[in-house]
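Structure first, then comments.
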Amino acid sequence: MMGALNSGFGVQAAPGAPLAAASFGSDYVMEPKRVITASQAAALVPDNCTITTGGFGSCGHPDLLTEALAARFAATAQPSDLTLVFAAGQGDKASRGLNQLAVKGLLKKVIGGYWALAPSIGQMALRGEIQAHNWPQGVISHLFRSIAGGKSGVLSGIGLHTFIDPRQEGGKVGPATTEELISVVNVGGREELFYPSMPINVAFLRGSRADVDGNISMEDEANFQDSLAQAQAVHNCGGIVIVQVMELVDRNSLDPQAIRIPGIFVDYLVLSTPDTHWQTYGEVRNNTYTGRSRSDTAVTPLPLCAKKIVARRALYEIARYNAPIVNLGIGTPEYIARVASEERCSAHVLTVESGVIGGTPARGLSFGASSNPQAILDQASQFDFYDGGGIDLAFLRFGHADSRGNVNISRFGGRLNGVGGFINISQSAKRVVFCGTFTAGGLELGFEAGQLIIEREGDITKFIQAVEHMSFNAAHAQSRNCPILFITERAVLVLKDGRLILKEVAPGIDIERDILARSTADIIVADHVELMPASIFLHQPLSVTDKYWRSRD
């Protein structure tokens, strides 16, 4: 058991006061890290600086620090005109995380990957209250490492031929954003995008424990995010690194192999309490996310619904390949992990871009965590693997798809979701399956004797003539021979030669009435349209074995 500071040293340091120095012989004195309050941490952030925050989506954000920063601005109008840089935007779609910083005057510019969990900042961008740039999440993860290493930026093919490409929109968002940051370069006869480095002055990060020298462990965090790279980047830019932790412990009481951020990169520590240090925005603590305990209990089946139907049909795609490495995106694909557990389908390894490998990925406001993981990497290492083509099969959501198979998931009129890791994954995976309902906005379904009944049609058409935002360029994907499939609750479509082909329909569905009339996209009906398996639409389990899933062709 690690010794707490007040028991190991006999006295607890007052917030804001440095701890007593420790002597090692007569020639060397190590100055322990200063423990400060969140308000004191916020006071260290100057006007016009660039700040980066830790966390992945709903996991691991230092809420004490961002809350204090917002409170300081409300009281003093300082600091002002900050530039915020994040990879997977942290929030709960409401008031926590980066949503606390959505105050006019506090932010001037934002460069971010995934925005959907911080909609307040997205609305500021769309209203023109801040300059905003949406870059691929994996690119930003790699950018932190480039900044730390003193490199000029990131060269990558990720983003070519999408809205990220400067020949389209250059990743710019909103009427206030005119600055071109991304450029196209030719390297060895191949086009690449260049994403430039920039100085980052402040990092707000989070860990589980710190020793008095500022060494940070993350054994109670659901994932490691980009914490090390962010700390190194800010330190090497001459900035300030502040870490929120739950506990301060004795020197040499932490396993050095468990240290995720060495103390040489840390300037200040802020102590939190359990109510300000939830593991995810969905759960205070779940020890199966960290390996402290394992869950072997039977999974309670989800009620039959559109997303479960899509997830069940997705299992058949997993079954076509020999134990593939699978990525699950946020949204409807999240259900695949839960349904796979219900059906005892384990002939695959599920991964999430947060860095988690294996286990059962969590849904909702715990997305980014996984129960019973096999391993947890930092986010940038996971994207190294993804960008290099390591994913055998990717299941991704789609908002709109058009006649050519292009997909928009990033921006819809008055809503900015951001592209997240979608482009990294969709441009690199060996096979891509888009998952979602055929229509949206009020869709209601019924099920009877293995047939699907549309009780109320959705108000929003999702298959359209042309997408307004190019998150996925189908022609570019097909140029590298990537098979592309769309799975919905009522139909399965394949992209072939730049055309959407209707391949399967659900039992009970009328092609003309329920598919063609509910789409403005040009959908070609195959000569022979198969029925989706009727068992998918029954309330009972599919009753298949792992051997079946592995061997089915």
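Just remember, in the structure tokens the first chain shown is A, the second B, etc., residues are 1-based per chain, and ligands are 1-based in the order shown.
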Env of Lys104 of chain A: 10 Å cut, atoms = only C-alpha atoms, seq-sep filter 5 positions within chain, self excluded. Answer as an mmCIF file with all heavy atoms, in the first residue's frame.
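Output file part_18.cif follows:
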data_model
loop_
_atom_site.group_PDB
_atom_site.id
_atom_site.type_symbol
_atom_site.label_atom_id
_atom_site.label_comp_id
_atom_site.auth_asym_id
_atom_site.auth_seq_id
_atom_site.Cartn_x
_atom_site.Cartn_y
_atom_site.Cartn_z
ATOM 1 N N SER A 80 -7.855 36.090 -21.249
ATOM 2 C CA SER A 80 -8.671 36.279 -22.441
ATOM 3 C C SER A 80 -7.929 35.810 -23.683
ATOM 4 O O SER A 80 -6.705 35.665 -23.684
ATOM 5 C CB SER A 80 -9.047 37.756 -22.588
ATOM 6 O OG SER A 80 -7.888 38.548 -22.774
ATOM 7 N N ASP A 81 -8.699 35.562 -24.736
ATOM 8 C CA ASP A 81 -8.173 35.253 -26.071
ATOM 9 C C ASP A 81 -7.224 34.058 -26.083
ATOM 10 O O ASP A 81 -6.141 34.096 -26.664
ATOM 11 C CB ASP A 81 -7.475 36.484 -26.656
ATOM 12 C CG ASP A 81 -8.442 37.634 -26.895
ATOM 13 O OD1 ASP A 81 -9.612 37.352 -27.202
ATOM 14 O OD2 ASP A 81 -8.018 38.802 -26.767
ATOM 15 N N ILE A 121 -18.882 24.735 -27.365
ATOM 16 C CA ILE A 121 -17.769 25.315 -28.113
ATOM 17 C C ILE A 121 -18.055 25.228 -29.609
ATOM 18 O O ILE A 121 -17.747 26.162 -30.368
ATOM 19 C CB ILE A 121 -16.447 24.611 -27.746
ATOM 20 C CG1 ILE A 121 -16.061 24.948 -26.301
ATOM 21 C CG2 ILE A 121 -15.319 25.037 -28.672
ATOM 22 C CD1 ILE A 121 -14.771 24.324 -25.842
ATOM 23 N N MET A 124 -20.176 28.094 -30.640
ATOM 24 C CA MET A 124 -19.397 29.331 -30.740
ATOM 25 C C MET A 124 -18.698 29.417 -32.090
ATOM 26 O O MET A 124 -18.650 30.482 -32.713
ATOM 27 C CB MET A 124 -18.367 29.407 -29.614
ATOM 28 C CG MET A 124 -18.947 29.573 -28.222
ATOM 29 S SD MET A 124 -17.650 29.687 -26.959
ATOM 30 C CE MET A 124 -16.975 31.318 -27.305
ATOM 31 N N GLU A 129 -17.993 33.242 -33.257
ATOM 32 C CA GLU A 129 -17.475 33.889 -32.057
ATOM 33 C C GLU A 129 -16.029 33.506 -31.771
ATOM 34 O O GLU A 129 -15.353 34.175 -30.983
ATOM 35 C CB GLU A 129 -18.358 33.529 -30.861
ATOM 36 C CG GLU A 129 -19.773 34.062 -30.992
ATOM 37 C CD GLU A 129 -20.699 33.556 -29.908
ATOM 38 O OE1 GLU A 129 -20.263 32.732 -29.073
ATOM 39 O OE2 GLU A 129 -21.877 33.970 -29.898
ATOM 40 N N ILE A 130 -15.562 32.458 -32.389
ATOM 41 C CA ILE A 130 -14.164 32.047 -32.275
ATOM 42 C C ILE A 130 -13.680 31.572 -33.644
ATOM 43 O O ILE A 130 -14.485 31.229 -34.510
ATOM 44 C CB ILE A 130 -13.964 30.897 -31.257
ATOM 45 C CG1 ILE A 130 -14.852 29.689 -31.641
ATOM 46 C CG2 ILE A 130 -14.220 31.359 -29.839
ATOM 47 C CD1 ILE A 130 -14.621 28.466 -30.781
#
Please return, as an mmCIF file with all heavy atoms, in the first residue's frame, all residues of segment 17-148 of chain A that DSSP assigns to helix (DSSP H, G or I) on the basis of the backbone.
data_model
loop_
_atom_site.group_PDB
_atom_site.id
_atom_site.type_symbol
_atom_site.label_atom_id
_atom_site.label_comp_id
_atom_site.auth_asym_id
_atom_site.auth_seq_id
_atom_site.Cartn_x
_atom_site.Cartn_y
_atom_site.Cartn_z
ATOM 1 N N ALA A 38 -6.853 24.732 -7.289
ATOM 2 C CA ALA A 38 -7.292 24.897 -8.667
ATOM 3 C C ALA A 38 -7.371 26.378 -9.033
ATOM 4 O O ALA A 38 -7.049 26.766 -10.169
ATOM 5 C CB ALA A 38 -8.652 24.223 -8.863
ATOM 6 N N SER A 39 -7.774 27.203 -8.101
ATOM 7 C CA SER A 39 -7.836 28.647 -8.370
ATOM 8 C C SER A 39 -6.456 29.222 -8.621
ATOM 9 O O SER A 39 -6.274 30.076 -9.504
ATOM 10 C CB SER A 39 -8.499 29.373 -7.194
ATOM 11 O OG SER A 39 -9.841 28.965 -7.055
ATOM 12 N N GLN A 40 -5.471 28.764 -7.842
ATOM 13 C CA GLN A 40 -4.106 29.218 -8.072
ATOM 14 C C GLN A 40 -3.588 28.731 -9.422
ATOM 15 O O GLN A 40 -2.842 29.445 -10.105
ATOM 16 C CB GLN A 40 -3.200 28.722 -6.942
ATOM 17 C CG GLN A 40 -3.457 29.412 -5.607
ATOM 18 C CD GLN A 40 -2.713 28.766 -4.461
ATOM 19 O OE1 GLN A 40 -2.547 27.546 -4.434
ATOM 20 N NE2 GLN A 40 -2.266 29.566 -3.504
ATOM 21 N N ALA A 41 -3.986 27.539 -9.807
ATOM 22 C CA ALA A 41 -3.587 27.027 -11.128
ATOM 23 C C ALA A 41 -4.178 27.893 -12.232
ATOM 24 O O ALA A 41 -3.491 28.254 -13.200
ATOM 25 C CB ALA A 41 -4.050 25.584 -11.280
ATOM 26 N N ALA A 42 -5.434 28.243 -12.117
ATOM 27 C CA ALA A 42 -6.082 29.081 -13.122
ATOM 28 C C ALA A 42 -5.410 30.441 -13.225
ATOM 29 O O ALA A 42 -5.319 31.022 -14.320
ATOM 30 C CB ALA A 42 -7.556 29.249 -12.788
ATOM 31 N N ALA A 43 -4.911 30.955 -12.104
ATOM 32 C CA ALA A 43 -4.263 32.264 -12.094
ATOM 33 C C ALA A 43 -2.934 32.263 -12.837
ATOM 34 O O ALA A 43 -2.408 33.331 -13.180
ATOM 35 C CB ALA A 43 -4.056 32.731 -10.650
ATOM 36 N N ASP A 63 -11.495 18.299 -14.540
ATOM 37 C CA ASP A 63 -12.587 19.270 -14.408
ATOM 38 C C ASP A 63 -12.310 20.362 -13.389
ATOM 39 O O ASP A 63 -12.777 21.498 -13.547
ATOM 40 C CB ASP A 63 -13.886 18.554 -14.045
ATOM 41 C CG ASP A 63 -14.570 17.977 -15.267
ATOM 42 O OD1 ASP A 63 -15.301 18.709 -15.932
ATOM 43 O OD2 ASP A 63 -14.363 16.791 -15.557
ATOM 44 N N LEU A 64 -11.589 20.017 -12.312
ATOM 45 C CA LEU A 64 -11.269 21.060 -11.325
ATOM 46 C C LEU A 64 -10.559 22.238 -11.976
ATOM 47 O O LEU A 64 -10.824 23.400 -11.643
ATOM 48 C CB LEU A 64 -10.371 20.479 -10.230
ATOM 49 C CG LEU A 64 -11.005 19.921 -8.960
ATOM 50 C CD1 LEU A 64 -9.919 19.452 -8.016
ATOM 51 C CD2 LEU A 64 -11.887 20.962 -8.282
ATOM 52 N N LEU A 65 -9.676 21.955 -12.910
ATOM 53 C CA LEU A 65 -8.849 23.003 -13.508
ATOM 54 C C LEU A 65 -9.643 23.850 -14.497
ATOM 55 O O LEU A 65 -9.560 25.084 -14.483
ATOM 56 C CB LEU A 65 -7.627 22.379 -14.181
ATOM 57 C CG LEU A 65 -6.725 21.544 -13.255
ATOM 58 C CD1 LEU A 65 -5.529 20.995 -14.020
ATOM 59 C CD2 LEU A 65 -6.263 22.364 -12.072
ATOM 60 N N THR A 66 -10.413 23.205 -15.370
ATOM 61 C CA THR A 66 -11.187 23.997 -16.336
ATOM 62 C C THR A 66 -12.309 24.767 -15.646
ATOM 63 O O THR A 66 -12.652 25.872 -16.049
ATOM 64 C CB THR A 66 -11.745 23.106 -17.452
ATOM 65 O OG1 THR A 66 -12.344 21.949 -16.882
ATOM 66 C CG2 THR A 66 -10.654 22.696 -18.414
ATOM 67 N N GLU A 67 -12.879 24.181 -14.592
ATOM 68 C CA GLU A 67 -13.916 24.892 -13.838
ATOM 69 C C GLU A 67 -13.334 26.145 -13.191
ATOM 70 O O GLU A 67 -13.951 27.219 -13.209
ATOM 71 C CB GLU A 67 -14.502 23.968 -12.774
ATOM 72 C CG GLU A 67 -15.606 24.609 -11.948
ATOM 73 C CD GLU A 67 -16.153 23.667 -10.891
ATOM 74 O OE1 GLU A 67 -15.654 22.518 -10.795
ATOM 75 O OE2 GLU A 67 -17.073 24.072 -10.163
ATOM 76 N N ALA A 68 -12.131 26.022 -12.628
ATOM 77 C CA ALA A 68 -11.489 27.177 -11.991
ATOM 78 C C ALA A 68 -11.118 28.238 -13.021
ATOM 79 O O ALA A 68 -11.204 29.444 -12.751
ATOM 80 C CB ALA A 68 -10.244 26.722 -11.230
ATOM 81 N N LEU A 69 -10.705 27.802 -14.216
ATOM 82 C CA LEU A 69 -10.352 28.754 -15.268
ATOM 83 C C LEU A 69 -11.584 29.557 -15.684
ATOM 84 O O LEU A 69 -11.521 30.783 -15.853
ATOM 85 C CB LEU A 69 -9.761 28.006 -16.464
ATOM 86 C CG LEU A 69 -9.149 28.873 -17.566
ATOM 87 C CD1 LEU A 69 -7.946 29.652 -17.050
ATOM 88 C CD2 LEU A 69 -8.733 27.995 -18.753
ATOM 89 N N ALA A 70 -12.708 28.859 -15.844
ATOM 90 C CA ALA A 70 -13.951 29.553 -16.211
ATOM 91 C C ALA A 70 -14.387 30.510 -15.101
ATOM 92 O O ALA A 70 -14.863 31.625 -15.373
ATOM 93 C CB ALA A 70 -15.038 28.530 -16.506
ATOM 94 N N ALA A 71 -14.221 30.098 -13.846
ATOM 95 C CA ALA A 71 -14.613 30.950 -12.722
ATOM 96 C C ALA A 71 -13.743 32.203 -12.653
ATOM 97 O O ALA A 71 -14.241 33.304 -12.369
ATOM 98 C CB ALA A 71 -14.508 30.163 -11.417
ATOM 99 N N ARG A 72 -12.453 32.039 -12.913
ATOM 100 C CA ARG A 72 -11.572 33.210 -12.908
ATOM 101 C C ARG A 72 -11.980 34.202 -13.992
ATOM 102 O O ARG A 72 -12.020 35.416 -13.752
ATOM 103 C CB ARG A 72 -10.119 32.772 -13.121
ATOM 104 C CG ARG A 72 -9.146 33.949 -13.159
ATOM 105 C CD ARG A 72 -7.759 33.553 -13.631
ATOM 106 N NE ARG A 72 -6.943 34.732 -13.899
ATOM 107 C CZ ARG A 72 -5.881 34.753 -14.669
ATOM 108 N NH1 ARG A 72 -5.452 33.647 -15.258
ATOM 109 N NH2 ARG A 72 -5.205 35.880 -14.865
ATOM 110 N N PHE A 73 -12.304 33.691 -15.187
ATOM 111 C CA PHE A 73 -12.703 34.593 -16.263
ATOM 112 C C PHE A 73 -14.006 35.301 -15.929
ATOM 113 O O PHE A 73 -14.175 36.494 -16.215
ATOM 114 C CB PHE A 73 -12.847 33.832 -17.585
ATOM 115 C CG PHE A 73 -13.183 34.719 -18.742
ATOM 116 C CD1 PHE A 73 -12.180 35.423 -19.403
ATOM 117 C CD2 PHE A 73 -14.489 34.873 -19.167
ATOM 118 C CE1 PHE A 73 -12.484 36.267 -20.463
ATOM 119 C CE2 PHE A 73 -14.803 35.703 -20.233
ATOM 120 C CZ PHE A 73 -13.804 36.404 -20.883
ATOM 121 N N ALA A 74 -14.942 34.582 -15.321
ATOM 122 C CA ALA A 74 -16.224 35.191 -14.954
ATOM 123 C C ALA A 74 -16.025 36.320 -13.950
ATOM 124 O O ALA A 74 -16.750 37.330 -13.975
ATOM 125 C CB ALA A 74 -17.157 34.132 -14.380
ATOM 126 N N ALA A 75 -15.027 36.178 -13.069
ATOM 127 C CA ALA A 75 -14.799 37.182 -12.030
ATOM 128 C C ALA A 75 -13.919 38.335 -12.483
ATOM 129 O O ALA A 75 -14.095 39.471 -12.024
ATOM 130 C CB ALA A 75 -14.171 36.504 -10.806
ATOM 131 N N THR A 76 -12.982 38.072 -13.401
ATOM 132 C CA THR A 76 -11.964 39.086 -13.721
ATOM 133 C C THR A 76 -11.830 39.392 -15.206
ATOM 134 O O THR A 76 -11.069 40.288 -15.575
ATOM 135 C CB THR A 76 -10.588 38.618 -13.218
ATOM 136 O OG1 THR A 76 -10.180 37.463 -13.976
ATOM 137 C CG2 THR A 76 -10.626 38.270 -11.733
ATOM 138 N N LEU A 98 -14.880 20.602 -21.492
ATOM 139 C CA LEU A 98 -14.577 21.823 -22.239
ATOM 140 C C LEU A 98 -15.787 22.735 -22.395
ATOM 141 O O LEU A 98 -15.622 23.916 -22.744
ATOM 142 C CB LEU A 98 -14.011 21.461 -23.612
ATOM 143 C CG LEU A 98 -12.667 20.728 -23.585
ATOM 144 C CD1 LEU A 98 -12.212 20.407 -25.001
ATOM 145 C CD2 LEU A 98 -11.602 21.545 -22.855
ATOM 146 N N ASN A 99 -16.985 22.213 -22.139
ATOM 147 C CA ASN A 99 -18.162 23.083 -22.178
ATOM 148 C C ASN A 99 -18.045 24.237 -21.184
ATOM 149 O O ASN A 99 -18.649 25.291 -21.377
ATOM 150 C CB ASN A 99 -19.421 22.264 -21.868
ATOM 151 C CG ASN A 99 -19.722 21.249 -22.955
ATOM 152 O OD1 ASN A 99 -20.086 21.607 -24.065
ATOM 153 N ND2 ASN A 99 -19.549 19.971 -22.640
ATOM 154 N N GLN A 100 -17.254 24.047 -20.143
ATOM 155 C CA GLN A 100 -17.058 25.108 -19.151
ATOM 156 C C GLN A 100 -16.307 26.308 -19.725
ATOM 157 O O GLN A 100 -16.405 27.414 -19.191
ATOM 158 C CB GLN A 100 -16.277 24.544 -17.955
ATOM 159 C CG GLN A 100 -16.991 23.415 -17.242
ATOM 160 C CD GLN A 100 -16.122 22.753 -16.189
ATOM 161 O OE1 GLN A 100 -16.263 23.017 -15.001
ATOM 162 N NE2 GLN A 100 -15.222 21.887 -16.625
ATOM 163 N N LEU A 101 -15.578 26.082 -20.809
ATOM 164 C CA LEU A 101 -14.772 27.162 -21.398
ATOM 165 C C LEU A 101 -15.492 27.883 -22.534
ATOM 166 O O LEU A 101 -14.918 28.776 -23.161
ATOM 167 C CB LEU A 101 -13.449 26.600 -21.913
ATOM 168 C CG LEU A 101 -12.592 25.825 -20.904
ATOM 169 C CD1 LEU A 101 -11.267 25.413 -21.534
ATOM 170 C CD2 LEU A 101 -12.356 26.639 -19.641
ATOM 171 N N PRO A 119 -20.567 20.565 -27.245
ATOM 172 C CA PRO A 119 -21.358 21.301 -28.247
ATOM 173 C C PRO A 119 -21.379 22.809 -28.025
ATOM 174 O O PRO A 119 -21.592 23.561 -28.980
ATOM 175 C CB PRO A 119 -22.757 20.702 -28.102
ATOM 176 C CG PRO A 119 -22.798 20.137 -26.714
ATOM 177 C CD PRO A 119 -21.409 19.644 -26.457
ATOM 178 N N SER A 120 -21.165 23.253 -26.800
ATOM 179 C CA SER A 120 -21.168 24.696 -26.528
ATOM 180 C C SER A 120 -20.041 25.392 -27.281
ATOM 181 O O SER A 120 -20.226 26.507 -27.803
ATOM 182 C CB SER A 120 -21.027 24.952 -25.027
ATOM 183 O OG SER A 120 -22.076 24.336 -24.308
ATOM 184 N N ILE A 121 -18.882 24.735 -27.365
ATOM 185 C CA ILE A 121 -17.769 25.315 -28.113
ATOM 186 C C ILE A 121 -18.055 25.228 -29.609
ATOM 187 O O ILE A 121 -17.747 26.162 -30.368
ATOM 188 C CB ILE A 121 -16.447 24.611 -27.746
ATOM 189 C CG1 ILE A 121 -16.061 24.948 -26.301
ATOM 190 C CG2 ILE A 121 -15.319 25.037 -28.672
ATOM 191 C CD1 ILE A 121 -14.771 24.324 -25.842
ATOM 192 N N GLY A 122 -18.648 24.135 -30.039
ATOM 193 C CA GLY A 122 -19.013 24.015 -31.445
ATOM 194 C C GLY A 122 -19.972 25.102 -31.888
ATOM 195 O O GLY A 122 -19.852 25.650 -32.998
ATOM 196 N N GLN A 123 -20.925 25.452 -31.047
ATOM 197 C CA GLN A 123 -21.867 26.515 -31.384
ATOM 198 C C GLN A 123 -21.171 27.859 -31.494
ATOM 199 O O GLN A 123 -21.501 28.672 -32.361
ATOM 200 C CB GLN A 123 -22.974 26.584 -30.328
ATOM 201 C CG GLN A 123 -23.967 25.435 -30.413
ATOM 202 C CD GLN A 123 -24.690 25.403 -31.743
ATOM 203 O OE1 GLN A 123 -25.247 26.404 -32.198
ATOM 204 N NE2 GLN A 123 -24.671 24.246 -32.401
ATOM 205 N N MET A 124 -20.176 28.094 -30.640
ATOM 206 C CA MET A 124 -19.397 29.331 -30.740
ATOM 207 C C MET A 124 -18.698 29.417 -32.090
ATOM 208 O O MET A 124 -18.650 30.482 -32.713
ATOM 209 C CB MET A 124 -18.367 29.407 -29.614
ATOM 210 C CG MET A 124 -18.947 29.573 -28.222
ATOM 211 S SD MET A 124 -17.650 29.687 -26.959
ATOM 212 C CE MET A 124 -16.975 31.318 -27.305
ATOM 213 N N ALA A 125 -18.174 28.282 -32.546
ATOM 214 C CA ALA A 125 -17.482 28.255 -33.841
ATOM 215 C C ALA A 125 -18.446 28.557 -34.975
ATOM 216 O O ALA A 125 -18.165 29.380 -35.860
ATOM 217 C CB ALA A 125 -16.814 26.901 -34.049
ATOM 218 N N LEU A 126 -19.605 27.915 -34.961
ATOM 219 C CA LEU A 126 -20.568 28.104 -36.045
ATOM 220 C C LEU A 126 -21.164 29.506 -36.043
ATOM 221 O O LEU A 126 -21.549 30.022 -37.098
ATOM 222 C CB LEU A 126 -21.668 27.047 -35.944
ATOM 223 C CG LEU A 126 -21.211 25.598 -36.158
ATOM 224 C CD1 LEU A 126 -22.359 24.633 -35.935
ATOM 225 C CD2 LEU A 126 -20.614 25.414 -37.549
ATOM 226 N N ARG A 127 -21.226 30.138 -34.880
ATOM 227 C CA ARG A 127 -21.726 31.522 -34.805
ATOM 228 C C ARG A 127 -20.657 32.544 -35.157
ATOM 229 O O ARG A 127 -20.935 33.743 -35.228
ATOM 230 C CB ARG A 127 -22.261 31.814 -33.401
ATOM 231 C CG ARG A 127 -23.554 31.088 -33.049
ATOM 232 C CD ARG A 127 -24.180 31.674 -31.791
ATOM 233 N NE ARG A 127 -23.324 31.564 -30.629
ATOM 234 C CZ ARG A 127 -23.407 30.594 -29.707
ATOM 235 N NH1 ARG A 127 -24.319 29.627 -29.841
ATOM 236 N NH2 ARG A 127 -22.599 30.574 -28.666
ATOM 237 N N GLN A 137 -8.385 13.609 -35.416
ATOM 238 C CA GLN A 137 -7.974 13.376 -34.031
ATOM 239 C C GLN A 137 -6.590 12.753 -33.934
ATOM 240 O O GLN A 137 -5.756 13.161 -33.112
ATOM 241 C CB GLN A 137 -9.007 12.465 -33.381
ATOM 242 C CG GLN A 137 -8.804 12.160 -31.924
ATOM 243 C CD GLN A 137 -9.971 11.342 -31.406
ATOM 244 O OE1 GLN A 137 -11.126 11.657 -31.674
ATOM 245 N NE2 GLN A 137 -9.699 10.290 -30.687
ATOM 246 N N GLY A 138 -6.322 11.756 -34.770
ATOM 247 C CA GLY A 138 -5.019 11.108 -34.728
ATOM 248 C C GLY A 138 -3.897 12.033 -35.146
ATOM 249 O O GLY A 138 -2.765 11.924 -34.653
ATOM 250 N N VAL A 139 -4.166 12.949 -36.058
ATOM 251 C CA VAL A 139 -3.160 13.932 -36.468
ATOM 252 C C VAL A 139 -2.785 14.818 -35.285
ATOM 253 O O VAL A 139 -1.602 15.118 -35.061
ATOM 254 C CB VAL A 139 -3.670 14.776 -37.650
ATOM 255 C CG1 VAL A 139 -2.782 15.993 -37.873
ATOM 256 C CG2 VAL A 139 -3.734 13.931 -38.915
ATOM 257 N N ILE A 140 -3.791 15.236 -34.511
ATOM 258 C CA ILE A 140 -3.497 16.098 -33.357
ATOM 259 C C ILE A 140 -2.716 15.327 -32.300
ATOM 260 O O ILE A 140 -1.787 15.869 -31.677
ATOM 261 C CB ILE A 140 -4.797 16.693 -32.792
ATOM 262 C CG1 ILE A 140 -5.458 17.585 -33.848
ATOM 263 C CG2 ILE A 140 -4.513 17.505 -31.529
ATOM 264 C CD1 ILE A 140 -6.795 18.170 -33.434
ATOM 265 N N SER A 141 -3.050 14.062 -32.093
ATOM 266 C CA SER A 141 -2.250 13.237 -31.174
ATOM 267 C C SER A 141 -0.784 13.197 -31.610
ATOM 268 O O SER A 141 0.128 13.353 -30.791
ATOM 269 C CB SER A 141 -2.798 11.809 -31.132
ATOM 270 O OG SER A 141 -3.968 11.721 -30.381
ATOM 271 N N HIS A 142 -0.561 12.995 -32.900
ATOM 272 C CA HIS A 142 0.812 12.965 -33.404
ATOM 273 C C HIS A 142 1.453 14.355 -33.372
ATOM 274 O O HIS A 142 2.679 14.476 -33.226
ATOM 275 C CB HIS A 142 0.826 12.405 -34.830
ATOM 276 C CG HIS A 142 0.486 10.954 -34.889
ATOM 277 N ND1 HIS A 142 -0.104 10.364 -35.985
ATOM 278 C CD2 HIS A 142 0.646 9.959 -33.980
ATOM 279 C CE1 HIS A 142 -0.271 9.070 -35.749
ATOM 280 N NE2 HIS A 142 0.173 8.808 -34.540
ATOM 281 N N LEU A 143 0.628 15.395 -33.484
ATOM 282 C CA LEU A 143 1.160 16.751 -33.426
ATOM 283 C C LEU A 143 1.781 17.049 -32.063
ATOM 284 O O LEU A 143 2.824 17.716 -31.985
ATOM 285 C CB LEU A 143 0.053 17.769 -33.725
ATOM 286 C CG LEU A 143 0.497 19.226 -33.854
ATOM 287 C CD1 LEU A 143 1.265 19.418 -35.158
ATOM 288 C CD2 LEU A 143 -0.702 20.164 -33.797
ATOM 289 N N PHE A 144 1.158 16.561 -30.992
ATOM 290 C CA PHE A 144 1.746 16.773 -29.666
ATOM 291 C C PHE A 144 3.155 16.193 -29.610
ATOM 292 O O PHE A 144 4.078 16.799 -29.047
ATOM 293 C CB PHE A 144 0.880 16.122 -28.582
ATOM 294 C CG PHE A 144 -0.470 16.760 -28.382
ATOM 295 C CD1 PHE A 144 -1.614 15.992 -28.274
ATOM 296 C CD2 PHE A 144 -0.597 18.138 -28.292
ATOM 297 C CE1 PHE A 144 -2.854 16.559 -28.080
ATOM 298 C CE2 PHE A 144 -1.837 18.732 -28.097
ATOM 299 C CZ PHE A 144 -2.966 17.936 -27.994
ATOM 300 N N ARG A 145 3.343 15.026 -30.201
ATOM 301 C CA ARG A 145 4.676 14.417 -30.209
ATOM 302 C C ARG A 145 5.638 15.220 -31.076
ATOM 303 O O ARG A 145 6.832 15.345 -30.745
ATOM 304 C CB ARG A 145 4.600 12.972 -30.702
ATOM 305 C CG ARG A 145 3.778 12.075 -29.788
ATOM 306 C CD ARG A 145 4.033 10.605 -29.968
ATOM 307 N NE ARG A 145 3.913 10.116 -31.329
ATOM 308 C CZ ARG A 145 3.742 8.846 -31.658
ATOM 309 N NH1 ARG A 145 3.663 7.925 -30.714
ATOM 310 N NH2 ARG A 145 3.649 8.467 -32.921
ATOM 311 N N SER A 146 5.137 15.755 -32.198
ATOM 312 C CA SER A 146 6.007 16.564 -33.057
ATOM 313 C C SER A 146 6.454 17.832 -32.338
ATOM 314 O O SER A 146 7.617 18.238 -32.426
ATOM 315 C CB SER A 146 5.269 16.929 -34.347
ATOM 316 O OG SER A 146 5.091 15.798 -35.165
ATOM 317 N N ILE A 147 5.541 18.470 -31.639
ATOM 318 C CA ILE A 147 5.887 19.677 -30.882
ATOM 319 C C ILE A 147 6.907 19.334 -29.807
ATOM 320 O O ILE A 147 7.906 20.045 -29.613
ATOM 321 C CB ILE A 147 4.625 20.318 -30.276
ATOM 322 C CG1 ILE A 147 3.687 20.803 -31.389
ATOM 323 C CG2 ILE A 147 4.990 21.480 -29.347
ATOM 324 C CD1 ILE A 147 2.314 21.229 -30.903
ATOM 325 N N ALA A 148 6.678 18.228 -29.100
ATOM 326 C CA ALA A 148 7.626 17.815 -28.065
ATOM 327 C C ALA A 148 9.010 17.574 -28.646
ATOM 328 O O ALA A 148 10.025 17.912 -28.019
ATOM 329 C CB ALA A 148 7.120 16.544 -27.379
#
Query - A:Arg363, A:Lys33, A:Lys307, A:Arg96 ranked by distance to Val243 of chain A, top pick (using only C-alpha atoms) - result: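 That would be A:Lys33, the residue with the smallest distance to Val243 of chain A.
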| message | List as number ranges by chain the protein and nucleic acid residues near segment 478-493 of chain A, meaning an atom at most 6 Å away when only C-alpha atoms are counted, but skip any in the same chain fewer than 5 places from it. | response | A: 306, 309-310, 430-438, 501-506
query: Smallest atom-to-atom distance to Ile240 of chain A: which of A:Pro196, A:Gly441, A:Pro46, A:Gly331, using only C-alpha atoms?
result: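 Distance minimum relative to Ile240 of chain A lands on A:Pro46.
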task: Find, counting only C-alpha atoms, the residue in A:Met470, A:Leu350, A:Val35, A:Ile261 that gets nearest to Asp378 of chain A.
output: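 Once distances to Asp378 of chain A are computed over only C-alpha atoms, the minimum belongs to A:Ile261.
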| task | Write out as a PyMOL selection string the residues lying within 7 Å of Asn406 of chain A, counting only C-alpha atoms and excluding same-chain residues fewer than 3 positions away. | result | chain A and resi 401-402+467+470+472-474
